[in-house]
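The file work.cif comes next; it holds mmCIF, N, CA and C atoms, pLDDT in the B column; chains and numbers go by the auth columns.
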data_data
#
loop_
_atom_site.group_PDB
_atom_site.id
_atom_site.type_symbol
_atom_site.label_atom_id
_atom_site.label_comp_id
_atom_site.label_asym_id
_atom_site.label_seq_id
_atom_site.Cartn_x
_atom_site.Cartn_y
_atom_site.Cartn_z
_atom_site.B_iso_or_equiv
_atom_site.auth_seq_id
_atom_site.auth_asym_id
ATOM 1 N N MET A 1 -78.044 -38.701 350.894 94.00 215 B
ATOM 2 C CA MET A 1 -78.088 -37.271 351.172 94.00 215 B
ATOM 3 C C MET A 1 -77.040 -36.557 350.318 94.00 215 B
ATOM 4 N N ALA A 2 -77.415 -35.384 349.860 96.00 216 B
ATOM 5 C CA ALA A 2 -76.499 -34.524 349.115 96.00 216 B
ATOM 6 C C ALA A 2 -75.959 -33.458 350.074 96.00 216 B
ATOM 7 N N ILE A 3 -74.898 -32.795 349.645 96.00 217 B
ATOM 8 C CA ILE A 3 -74.312 -31.715 350.434 96.00 217 B
ATOM 9 C C ILE A 3 -74.532 -30.404 349.684 96.00 217 B
ATOM 10 N N ASP A 4 -75.095 -29.422 350.370 97.00 218 B
ATOM 11 C CA ASP A 4 -75.279 -28.087 349.806 97.00 218 B
ATOM 12 C C ASP A 4 -73.878 -27.528 349.541 97.00 218 B
ATOM 13 N N PRO A 5 -73.544 -27.203 348.274 96.00 219 B
ATOM 14 C CA PRO A 5 -72.196 -26.728 347.973 96.00 219 B
ATOM 15 C C PRO A 5 -71.886 -25.345 348.534 96.00 219 B
ATOM 16 N N VAL A 6 -72.895 -24.606 348.933 97.00 220 B
ATOM 17 C CA VAL A 6 -72.677 -23.260 349.457 97.00 220 B
ATOM 18 C C VAL A 6 -72.358 -23.294 350.948 97.00 220 B
ATOM 19 N N CYS A 7 -73.190 -23.973 351.732 97.00 221 B
ATOM 20 C CA CYS A 7 -73.015 -23.943 353.185 97.00 221 B
ATOM 21 C C CYS A 7 -72.519 -25.253 353.787 97.00 221 B
ATOM 22 N N GLY A 8 -72.527 -26.340 352.990 96.00 222 B
ATOM 23 C CA GLY A 8 -72.038 -27.625 353.479 96.00 222 B
ATOM 24 C C GLY A 8 -73.056 -28.449 354.250 96.00 222 B
ATOM 25 N N MET A 9 -74.276 -27.984 354.334 97.00 223 B
ATOM 26 C CA MET A 9 -75.325 -28.692 355.068 97.00 223 B
ATOM 27 C C MET A 9 -75.800 -29.921 354.281 97.00 223 B
ATOM 28 N N GLU A 10 -76.164 -30.999 354.990 97.00 224 B
ATOM 29 C CA GLU A 10 -76.754 -32.162 354.340 97.00 224 B
ATOM 30 C C GLU A 10 -78.172 -31.816 353.888 97.00 224 B
ATOM 31 N N VAL A 11 -78.506 -32.270 352.682 97.00 225 B
ATOM 32 C CA VAL A 11 -79.808 -31.972 352.085 97.00 225 B
ATOM 33 C C VAL A 11 -80.389 -33.265 351.529 97.00 225 B
ATOM 34 N N ASP A 12 -81.659 -33.515 351.799 97.00 226 B
ATOM 35 C CA ASP A 12 -82.338 -34.677 351.218 97.00 226 B
ATOM 36 C C ASP A 12 -82.777 -34.300 349.807 97.00 226 B
ATOM 37 N N GLU A 13 -82.075 -34.842 348.833 94.00 227 B
ATOM 38 C CA GLU A 13 -82.355 -34.480 347.443 94.00 227 B
ATOM 39 C C GLU A 13 -83.731 -34.934 346.987 94.00 227 B
ATOM 40 N N ARG A 14 -84.359 -35.851 347.707 95.00 228 B
ATOM 41 C CA ARG A 14 -85.696 -36.314 347.330 95.00 228 B
ATOM 42 C C ARG A 14 -86.775 -35.307 347.720 95.00 228 B
ATOM 43 N N THR A 15 -86.509 -34.473 348.717 96.00 229 B
ATOM 44 C CA THR A 15 -87.562 -33.583 349.217 96.00 229 B
ATOM 45 C C THR A 15 -87.276 -32.096 349.027 96.00 229 B
ATOM 46 N N THR A 16 -86.026 -31.713 348.802 96.00 230 B
ATOM 47 C CA THR A 16 -85.746 -30.283 348.677 96.00 230 B
ATOM 48 C C THR A 16 -86.340 -29.709 347.391 96.00 230 B
ATOM 49 N N LYS A 17 -86.831 -28.508 347.486 96.00 231 B
ATOM 50 C CA LYS A 17 -87.363 -27.803 346.320 96.00 231 B
ATOM 51 C C LYS A 17 -86.278 -26.962 345.671 96.00 231 B
ATOM 52 N N ASP A 18 -85.176 -26.770 346.386 97.00 232 B
ATOM 53 C CA ASP A 18 -84.107 -25.898 345.904 97.00 232 B
ATOM 54 C C ASP A 18 -83.010 -26.731 345.265 97.00 232 B
ATOM 55 N N ARG A 19 -82.947 -26.644 343.936 97.00 233 B
ATOM 56 C CA ARG A 19 -81.946 -27.381 343.168 97.00 233 B
ATOM 57 C C ARG A 19 -81.585 -26.563 341.942 97.00 233 B
ATOM 58 N N ALA A 20 -80.412 -26.818 341.405 97.00 234 B
ATOM 59 C CA ALA A 20 -79.958 -26.106 340.216 97.00 234 B
ATOM 60 C C ALA A 20 -79.098 -27.039 339.382 97.00 234 B
ATOM 61 N N MET A 21 -79.133 -26.830 338.080 96.00 235 B
ATOM 62 C CA MET A 21 -78.286 -27.564 337.159 96.00 235 B
ATOM 63 C C MET A 21 -77.097 -26.688 336.786 96.00 235 B
ATOM 64 N N HIS A 22 -75.938 -27.333 336.698 95.00 236 B
ATOM 65 C CA HIS A 22 -74.739 -26.631 336.243 95.00 236 B
ATOM 66 C C HIS A 22 -73.851 -27.636 335.538 95.00 236 B
ATOM 67 N N GLU A 23 -73.553 -27.370 334.268 93.00 237 B
ATOM 68 C CA GLU A 23 -72.696 -28.223 333.453 93.00 237 B
ATOM 69 C C GLU A 23 -73.094 -29.694 333.540 93.00 237 B
ATOM 70 N N GLY A 24 -74.402 -29.958 333.459 94.00 238 B
ATOM 71 C CA GLY A 24 -74.903 -31.318 333.417 94.00 238 B
ATOM 72 C C GLY A 24 -75.078 -32.006 334.759 94.00 238 B
ATOM 73 N N SER A 25 -74.756 -31.332 335.849 94.00 239 B
ATOM 74 C CA SER A 25 -74.931 -31.913 337.183 94.00 239 B
ATOM 75 C C SER A 25 -76.013 -31.160 337.941 94.00 239 B
ATOM 76 N N THR A 26 -76.706 -31.895 338.801 96.00 240 B
ATOM 77 C CA THR A 26 -77.722 -31.279 339.642 96.00 240 B
ATOM 78 C C THR A 26 -77.131 -31.037 341.022 96.00 240 B
ATOM 79 N N TYR A 27 -77.343 -29.840 341.542 97.00 241 B
ATOM 80 C CA TYR A 27 -76.892 -29.463 342.880 97.00 241 B
ATOM 81 C C TYR A 27 -78.120 -29.181 343.730 97.00 241 B
ATOM 82 N N TYR A 28 -78.054 -29.566 344.996 97.00 242 B
ATOM 83 C CA TYR A 28 -79.188 -29.451 345.912 97.00 242 B
ATOM 84 C C TYR A 28 -78.823 -28.503 347.041 97.00 242 B
ATOM 85 N N PHE A 29 -79.818 -27.734 347.512 98.00 243 B
ATOM 86 C CA PHE A 29 -79.579 -26.672 348.477 98.00 243 B
ATOM 87 C C PHE A 29 -80.548 -26.736 349.639 98.00 243 B
ATOM 88 N N CYS A 30 -80.093 -26.233 350.784 97.00 244 B
ATOM 89 C CA CYS A 30 -80.922 -26.236 351.985 97.00 244 B
ATOM 90 C C CYS A 30 -81.954 -25.113 351.959 97.00 244 B
ATOM 91 N N SER A 31 -81.700 -24.078 351.145 97.00 245 B
ATOM 92 C CA SER A 31 -82.598 -22.926 351.129 97.00 245 B
ATOM 93 C C SER A 31 -82.520 -22.203 349.790 97.00 245 B
ATOM 94 N N LYS A 32 -83.485 -21.339 349.574 98.00 246 B
ATOM 95 C CA LYS A 32 -83.505 -20.493 348.385 98.00 246 B
ATOM 96 C C LYS A 32 -82.294 -19.569 348.367 98.00 246 B
ATOM 97 N N ASP A 33 -81.883 -19.071 349.531 98.00 247 B
ATOM 98 C CA ASP A 33 -80.739 -18.169 349.599 98.00 247 B
ATOM 99 C C ASP A 33 -79.467 -18.843 349.105 98.00 247 B
ATOM 100 N N CYS A 34 -79.219 -20.087 349.544 97.00 248 B
ATOM 101 C CA CYS A 34 -78.037 -20.818 349.089 97.00 248 B
ATOM 102 C C CYS A 34 -78.117 -21.082 347.584 97.00 248 B
ATOM 103 N N ARG A 35 -79.288 -21.466 347.098 98.00 249 B
ATOM 104 C CA ARG A 35 -79.448 -21.714 345.657 98.00 249 B
ATOM 105 C C ARG A 35 -79.157 -20.457 344.853 98.00 249 B
ATOM 106 N N GLU A 36 -79.702 -19.326 345.285 97.00 250 B
ATOM 107 C CA GLU A 36 -79.485 -18.073 344.560 97.00 250 B
ATOM 108 C C GLU A 36 -78.017 -17.648 344.588 97.00 250 B
ATOM 109 N N GLU A 37 -77.349 -17.864 345.709 97.00 251 B
ATOM 110 C CA GLU A 37 -75.922 -17.535 345.796 97.00 251 B
ATOM 111 C C GLU A 37 -75.122 -18.394 344.819 97.00 251 B
ATOM 112 N N PHE A 38 -75.436 -19.691 344.761 97.00 252 B
ATOM 113 C CA PHE A 38 -74.785 -20.598 343.824 97.00 252 B
ATOM 114 C C PHE A 38 -75.043 -20.162 342.384 97.00 252 B
ATOM 115 N N GLU A 39 -76.294 -19.867 342.052 97.00 253 B
ATOM 116 C CA GLU A 39 -76.651 -19.501 340.676 97.00 253 B
ATOM 117 C C GLU A 39 -75.972 -18.204 340.236 97.00 253 B
ATOM 118 N N ALA A 40 -75.703 -17.322 341.171 96.00 254 B
ATOM 119 C CA ALA A 40 -75.038 -16.061 340.839 96.00 254 B
ATOM 120 C C ALA A 40 -73.580 -16.281 340.450 96.00 254 B
ATOM 121 N N SER A 41 -72.950 -17.323 341.000 95.00 255 B
ATOM 122 C CA SER A 41 -71.543 -17.570 340.726 95.00 255 B
ATOM 123 C C SER A 41 -71.181 -19.039 340.972 95.00 255 B
ATOM 124 N N PRO A 42 -71.672 -19.947 340.124 95.00 256 B
ATOM 125 C CA PRO A 42 -71.441 -21.371 340.369 95.00 256 B
ATOM 126 C C PRO A 42 -69.967 -21.756 340.389 95.00 256 B
ATOM 127 N N GLY A 43 -69.135 -21.050 339.659 92.00 257 B
ATOM 128 C CA GLY A 43 -67.714 -21.361 339.626 92.00 257 B
ATOM 129 C C GLY A 43 -67.038 -21.232 340.979 92.00 257 B
ATOM 130 N N ASP A 44 -67.629 -20.468 341.875 93.00 258 B
ATOM 131 C CA ASP A 44 -67.070 -20.331 343.228 93.00 258 B
ATOM 132 C C ASP A 44 -67.281 -21.593 344.056 93.00 258 B
ATOM 133 N N TYR A 45 -68.218 -22.434 343.649 94.00 259 B
ATOM 134 C CA TYR A 45 -68.599 -23.599 344.454 94.00 259 B
ATOM 135 C C TYR A 45 -68.344 -24.942 343.777 94.00 259 B
ATOM 136 N N VAL A 46 -68.019 -24.919 342.483 90.00 260 B
ATOM 137 C CA VAL A 46 -67.799 -26.151 341.737 90.00 260 B
ATOM 138 C C VAL A 46 -66.343 -26.198 341.299 90.00 260 B
ATOM 139 N N GLY A 47 -65.751 -27.353 341.483 76.00 261 B
ATOM 140 C CA GLY A 47 -64.369 -27.485 341.054 76.00 261 B
ATOM 141 C C GLY A 47 -63.891 -28.904 341.176 76.00 261 B
ATOM 142 N N GLY A 48 -64.621 -29.838 340.587 54.00 262 B
ATOM 143 C CA GLY A 48 -64.208 -31.224 340.621 54.00 262 B
ATOM 144 C C GLY A 48 -64.555 -31.949 341.915 54.00 262 B
ATOM 145 N N GLU A 49 -65.469 -31.408 342.703 48.00 263 B
ATOM 146 C CA GLU A 49 -65.844 -32.047 343.966 48.00 263 B
ATOM 147 C C GLU A 49 -67.184 -32.751 343.801 48.00 263 B
ATOM 148 N N GLU A 50 -67.159 -33.886 343.106 48.00 264 B
ATOM 149 C CA GLU A 50 -68.386 -34.583 342.764 48.00 264 B
ATOM 150 C C GLU A 50 -69.204 -34.988 343.982 48.00 264 B
ATOM 151 N N GLU A 51 -68.556 -35.188 345.136 46.00 265 B
ATOM 152 C CA GLU A 51 -69.309 -35.603 346.314 46.00 265 B
ATOM 153 C C GLU A 51 -70.289 -34.536 346.780 46.00 265 B
ATOM 154 N N MET A 52 -70.171 -33.335 346.265 47.00 266 B
ATOM 155 C CA MET A 52 -71.082 -32.276 346.674 47.00 266 B
ATOM 156 C C MET A 52 -72.398 -32.339 345.898 47.00 266 B
ATOM 157 N N THR A 53 -72.451 -33.104 344.840 48.00 267 B
ATOM 158 C CA THR A 53 -73.685 -33.220 344.075 48.00 267 B
ATOM 159 C C THR A 53 -74.448 -34.450 344.498 48.00 267 B
ATOM 160 N N GLY A 54 -75.676 -34.484 344.157 51.00 268 B
ATOM 161 C CA GLY A 54 -76.490 -35.645 344.457 51.00 268 B
ATOM 162 C C GLY A 54 -76.523 -36.621 343.288 51.00 268 B
ATOM 163 N N THR A 55 -75.749 -36.333 342.235 48.00 269 B
ATOM 164 C CA THR A 55 -75.781 -37.193 341.054 48.00 269 B
ATOM 165 C C THR A 55 -74.603 -38.124 341.025 48.00 269 B
#
Please, can you express the file's structure as structure tokens?
Amino acid sequence: MAIDPVCGMEVDERTTKDRAMHEGSTYYFCSKDCREEFEASPGDYVGGEEEMTGT
């Protein structure tokens, strides 16, 4: 399971449709809203916390 970097919810990376790439890593989201918030400002959610990605 991956962790949604926006809300902290567990996400099954095999089934979620909401995902985004940032600096070579894939991030998985529980909803379109969380994905869009991340895409608007990924630097607010990324900072060396690899456990938040599913990669």
Next item on the list: State, in Å with one decimal place, the distance from atom CA of B:Ser255 to atom CA of B:Glu224.
Entry: 20.6 Å
Checklist line | Test item, strand (DSSP E or B) assignment across stretch 218-248 of chain B, answer as number ranges by chain | finding: B: 224-225, 233-236, 239-242
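With all atoms listed in the file as the basis for measurement, B:Tyr242 is the residue among B:Tyr242, B:Phe252, B:Asp247, B:Glu237 that approaches B:Ala216 most closely.
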Next item on the list: Given the file shown, determine the residues that the PyMOL selection byres (((chain B and resi 225 and name CA) around 7) and name CA) selects; report them as a PyMOL selection string.
Entry: chain B and resi 215-218+223-224+226-227+242-244
Item checked: Which of chain B DSSP labels helix (DSSP H, G or I), written as a ChimeraX atom specification -> /B:246-254,256-258,264-266
Would you mind exporting the chosen residues as a PDB file, in the frame of the given file, restricted to N, CA and C atoms?
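Final file, again.pdb:
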ATOM      1  N   LYS B 246     -83.485 -21.339 349.574  1.00 98.00           N
ATOM      2  CA  LYS B 246     -83.505 -20.493 348.385  1.00 98.00           C
ATOM      3  C   LYS B 246     -82.294 -19.569 348.367  1.00 98.00           C
ATOM      4  N   ASP B 247     -81.883 -19.071 349.531  1.00 98.00           N
ATOM      5  CA  ASP B 247     -80.739 -18.169 349.599  1.00 98.00           C
ATOM      6  C   ASP B 247     -79.467 -18.843 349.105  1.00 98.00           C
ATOM      7  N   CYS B 248     -79.219 -20.087 349.544  1.00 97.00           N
ATOM      8  CA  CYS B 248     -78.037 -20.818 349.089  1.00 97.00           C
ATOM      9  C   CYS B 248     -78.117 -21.082 347.584  1.00 97.00           C
ATOM     10  N   ARG B 249     -79.288 -21.466 347.098  1.00 98.00           N
ATOM     11  CA  ARG B 249     -79.448 -21.714 345.657  1.00 98.00           C
ATOM     12  C   ARG B 249     -79.157 -20.457 344.853  1.00 98.00           C
ATOM     13  N   GLU B 250     -79.702 -19.326 345.285  1.00 97.00           N
ATOM     14  CA  GLU B 250     -79.485 -18.073 344.560  1.00 97.00           C
ATOM     15  C   GLU B 250     -78.017 -17.648 344.588  1.00 97.00           C
ATOM     16  N   GLU B 251     -77.349 -17.864 345.709  1.00 97.00           N
ATOM     17  CA  GLU B 251     -75.922 -17.535 345.796  1.00 97.00           C
ATOM     18  C   GLU B 251     -75.122 -18.394 344.819  1.00 97.00           C
ATOM     19  N   PHE B 252     -75.436 -19.691 344.761  1.00 97.00           N
ATOM     20  CA  PHE B 252     -74.785 -20.598 343.824  1.00 97.00           C
ATOM     21  C   PHE B 252     -75.043 -20.162 342.384  1.00 97.00           C
ATOM     22  N   GLU B 253     -76.294 -19.867 342.052  1.00 97.00           N
ATOM     23  CA  GLU B 253     -76.651 -19.501 340.676  1.00 97.00           C
ATOM     24  C   GLU B 253     -75.972 -18.204 340.236  1.00 97.00           C
ATOM     25  N   ALA B 254     -75.703 -17.322 341.171  1.00 96.00           N
ATOM     26  CA  ALA B 254     -75.038 -16.061 340.839  1.00 96.00           C
ATOM     27  C   ALA B 254     -73.580 -16.281 340.450  1.00 96.00           C
ATOM     28  N   PRO B 256     -71.672 -19.947 340.124  1.00 95.00           N
ATOM     29  CA  PRO B 256     -71.441 -21.371 340.369  1.00 95.00           C
ATOM     30  C   PRO B 256     -69.967 -21.756 340.389  1.00 95.00           C
ATOM     31  N   GLY B 257     -69.135 -21.050 339.659  1.00 92.00           N
ATOM     32  CA  GLY B 257     -67.714 -21.361 339.626  1.00 92.00           C
ATOM     33  C   GLY B 257     -67.038 -21.232 340.979  1.00 92.00           C
ATOM     34  N   ASP B 258     -67.629 -20.468 341.875  1.00 93.00           N
ATOM     35  CA  ASP B 258     -67.070 -20.331 343.228  1.00 93.00           C
ATOM     36  C   ASP B 258     -67.281 -21.593 344.056  1.00 93.00           C
ATOM     37  N   GLU B 264     -67.159 -33.886 343.106  1.00 48.00           N
ATOM     38  CA  GLU B 264     -68.386 -34.583 342.764  1.00 48.00           C
ATOM     39  C   GLU B 264     -69.204 -34.988 343.982  1.00 48.00           C
ATOM     40  N   GLU B 265     -68.556 -35.188 345.136  1.00 46.00           N
ATOM     41  CA  GLU B 265     -69.309 -35.603 346.314  1.00 46.00           C
ATOM     42  C   GLU B 265     -70.289 -34.536 346.780  1.00 46.00           C
ATOM     43  N   MET B 266     -70.171 -33.335 346.265  1.00 47.00           N
ATOM     44  CA  MET B 266     -71.082 -32.276 346.674  1.00 47.00           C
ATOM     45  C   MET B 266     -72.398 -32.339 345.898  1.00 47.00           C
TER      46      MET B 266
END
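We find atom CA of B:Val260 and atom CA of B:Thr229 to be spaced 22.4 Å apart.
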Notebook entry, point to check: Exactly which residues make up the result of the PyMOL selection byres (((chain B and resi 249 and name CA) around 12) and name CA) on this file, given as a ChimeraX atom specification?
Noted result: /B:218-221,230-236,240-248,250-256,259
File of the preceding selection, N, CA and C atoms, as a PDB file, in the coordinates of the input:
ATOM      1  N   ASP B 218     -75.095 -29.422 350.370  1.00 97.00           N
ATOM      2  CA  ASP B 218     -75.279 -28.087 349.806  1.00 97.00           C
ATOM      3  C   ASP B 218     -73.878 -27.528 349.541  1.00 97.00           C
ATOM      4  N   PRO B 219     -73.544 -27.203 348.274  1.00 96.00           N
ATOM      5  CA  PRO B 219     -72.196 -26.728 347.973  1.00 96.00           C
ATOM      6  C   PRO B 219     -71.886 -25.345 348.534  1.00 96.00           C
ATOM      7  N   VAL B 220     -72.895 -24.606 348.933  1.00 97.00           N
ATOM      8  CA  VAL B 220     -72.677 -23.260 349.457  1.00 97.00           C
ATOM      9  C   VAL B 220     -72.358 -23.294 350.948  1.00 97.00           C
ATOM     10  N   CYS B 221     -73.190 -23.973 351.732  1.00 97.00           N
ATOM     11  CA  CYS B 221     -73.015 -23.943 353.185  1.00 97.00           C
ATOM     12  C   CYS B 221     -72.519 -25.253 353.787  1.00 97.00           C
ATOM     13  N   THR B 230     -86.026 -31.713 348.802  1.00 96.00           N
ATOM     14  CA  THR B 230     -85.746 -30.283 348.677  1.00 96.00           C
ATOM     15  C   THR B 230     -86.340 -29.709 347.391  1.00 96.00           C
ATOM     16  N   LYS B 231     -86.831 -28.508 347.486  1.00 96.00           N
ATOM     17  CA  LYS B 231     -87.363 -27.803 346.320  1.00 96.00           C
ATOM     18  C   LYS B 231     -86.278 -26.962 345.671  1.00 96.00           C
ATOM     19  N   ASP B 232     -85.176 -26.770 346.386  1.00 97.00           N
ATOM     20  CA  ASP B 232     -84.107 -25.898 345.904  1.00 97.00           C
ATOM     21  C   ASP B 232     -83.010 -26.731 345.265  1.00 97.00           C
ATOM     22  N   ARG B 233     -82.947 -26.644 343.936  1.00 97.00           N
ATOM     23  CA  ARG B 233     -81.946 -27.381 343.168  1.00 97.00           C
ATOM     24  C   ARG B 233     -81.585 -26.563 341.942  1.00 97.00           C
ATOM     25  N   ALA B 234     -80.412 -26.818 341.405  1.00 97.00           N
ATOM     26  CA  ALA B 234     -79.958 -26.106 340.216  1.00 97.00           C
ATOM     27  C   ALA B 234     -79.098 -27.039 339.382  1.00 97.00           C
ATOM     28  N   MET B 235     -79.133 -26.830 338.080  1.00 96.00           N
ATOM     29  CA  MET B 235     -78.286 -27.564 337.159  1.00 96.00           C
ATOM     30  C   MET B 235     -77.097 -26.688 336.786  1.00 96.00           C
ATOM     31  N   HIS B 236     -75.938 -27.333 336.698  1.00 95.00           N
ATOM     32  CA  HIS B 236     -74.739 -26.631 336.243  1.00 95.00           C
ATOM     33  C   HIS B 236     -73.851 -27.636 335.538  1.00 95.00           C
ATOM     34  N   THR B 240     -76.706 -31.895 338.801  1.00 96.00           N
ATOM     35  CA  THR B 240     -77.722 -31.279 339.642  1.00 96.00           C
ATOM     36  C   THR B 240     -77.131 -31.037 341.022  1.00 96.00           C
ATOM     37  N   TYR B 241     -77.343 -29.840 341.542  1.00 97.00           N
ATOM     38  CA  TYR B 241     -76.892 -29.463 342.880  1.00 97.00           C
ATOM     39  C   TYR B 241     -78.120 -29.181 343.730  1.00 97.00           C
ATOM     40  N   TYR B 242     -78.054 -29.566 344.996  1.00 97.00           N
ATOM     41  CA  TYR B 242     -79.188 -29.451 345.912  1.00 97.00           C
ATOM     42  C   TYR B 242     -78.823 -28.503 347.041  1.00 97.00           C
ATOM     43  N   PHE B 243     -79.818 -27.734 347.512  1.00 98.00           N
ATOM     44  CA  PHE B 243     -79.579 -26.672 348.477  1.00 98.00           C
ATOM     45  C   PHE B 243     -80.548 -26.736 349.639  1.00 98.00           C
ATOM     46  N   CYS B 244     -80.093 -26.233 350.784  1.00 97.00           N
ATOM     47  CA  CYS B 244     -80.922 -26.236 351.985  1.00 97.00           C
ATOM     48  C   CYS B 244     -81.954 -25.113 351.959  1.00 97.00           C
ATOM     49  N   SER B 245     -81.700 -24.078 351.145  1.00 97.00           N
ATOM     50  CA  SER B 245     -82.598 -22.926 351.129  1.00 97.00           C
ATOM     51  C   SER B 245     -82.520 -22.203 349.790  1.00 97.00           C
ATOM     52  N   LYS B 246     -83.485 -21.339 349.574  1.00 98.00           N
ATOM     53  CA  LYS B 246     -83.505 -20.493 348.385  1.00 98.00           C
ATOM     54  C   LYS B 246     -82.294 -19.569 348.367  1.00 98.00           C
ATOM     55  N   ASP B 247     -81.883 -19.071 349.531  1.00 98.00           N
ATOM     56  CA  ASP B 247     -80.739 -18.169 349.599  1.00 98.00           C
ATOM     57  C   ASP B 247     -79.467 -18.843 349.105  1.00 98.00           C
ATOM     58  N   CYS B 248     -79.219 -20.087 349.544  1.00 97.00           N
ATOM     59  CA  CYS B 248     -78.037 -20.818 349.089  1.00 97.00           C
ATOM     60  C   CYS B 248     -78.117 -21.082 347.584  1.00 97.00           C
ATOM     61  N   GLU B 250     -79.702 -19.326 345.285  1.00 97.00           N
ATOM     62  CA  GLU B 250     -79.485 -18.073 344.560  1.00 97.00           C
ATOM     63  C   GLU B 250     -78.017 -17.648 344.588  1.00 97.00           C
ATOM     64  N   GLU B 251     -77.349 -17.864 345.709  1.00 97.00           N
ATOM     65  CA  GLU B 251     -75.922 -17.535 345.796  1.00 97.00           C
ATOM     66  C   GLU B 251     -75.122 -18.394 344.819  1.00 97.00           C
ATOM     67  N   PHE B 252     -75.436 -19.691 344.761  1.00 97.00           N
ATOM     68  CA  PHE B 252     -74.785 -20.598 343.824  1.00 97.00           C
ATOM     69  C   PHE B 252     -75.043 -20.162 342.384  1.00 97.00           C
ATOM     70  N   GLU B 253     -76.294 -19.867 342.052  1.00 97.00           N
ATOM     71  CA  GLU B 253     -76.651 -19.501 340.676  1.00 97.00           C
ATOM     72  C   GLU B 253     -75.972 -18.204 340.236  1.00 97.00           C
ATOM     73  N   ALA B 254     -75.703 -17.322 341.171  1.00 96.00           N
ATOM     74  CA  ALA B 254     -75.038 -16.061 340.839  1.00 96.00           C
ATOM     75  C   ALA B 254     -73.580 -16.281 340.450  1.00 96.00           C
ATOM     76  N   SER B 255     -72.950 -17.323 341.000  1.00 95.00           N
ATOM     77  CA  SER B 255     -71.543 -17.570 340.726  1.00 95.00           C
ATOM     78  C   SER B 255     -71.181 -19.039 340.972  1.00 95.00           C
ATOM     79  N   PRO B 256     -71.672 -19.947 340.124  1.00 95.00           N
ATOM     80  CA  PRO B 256     -71.441 -21.371 340.369  1.00 95.00           C
ATOM     81  C   PRO B 256     -69.967 -21.756 340.389  1.00 95.00           C
ATOM     82  N   TYR B 259     -68.218 -22.434 343.649  1.00 94.00           N
ATOM     83  CA  TYR B 259     -68.599 -23.599 344.454  1.00 94.00           C
ATOM     84  C   TYR B 259     -68.344 -24.942 343.777  1.00 94.00           C
TER      85      TYR B 259
END
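Taking atom CA of B:Gly222 and atom C of B:Asp258 as the two end points, the separation is 12.2 Å.
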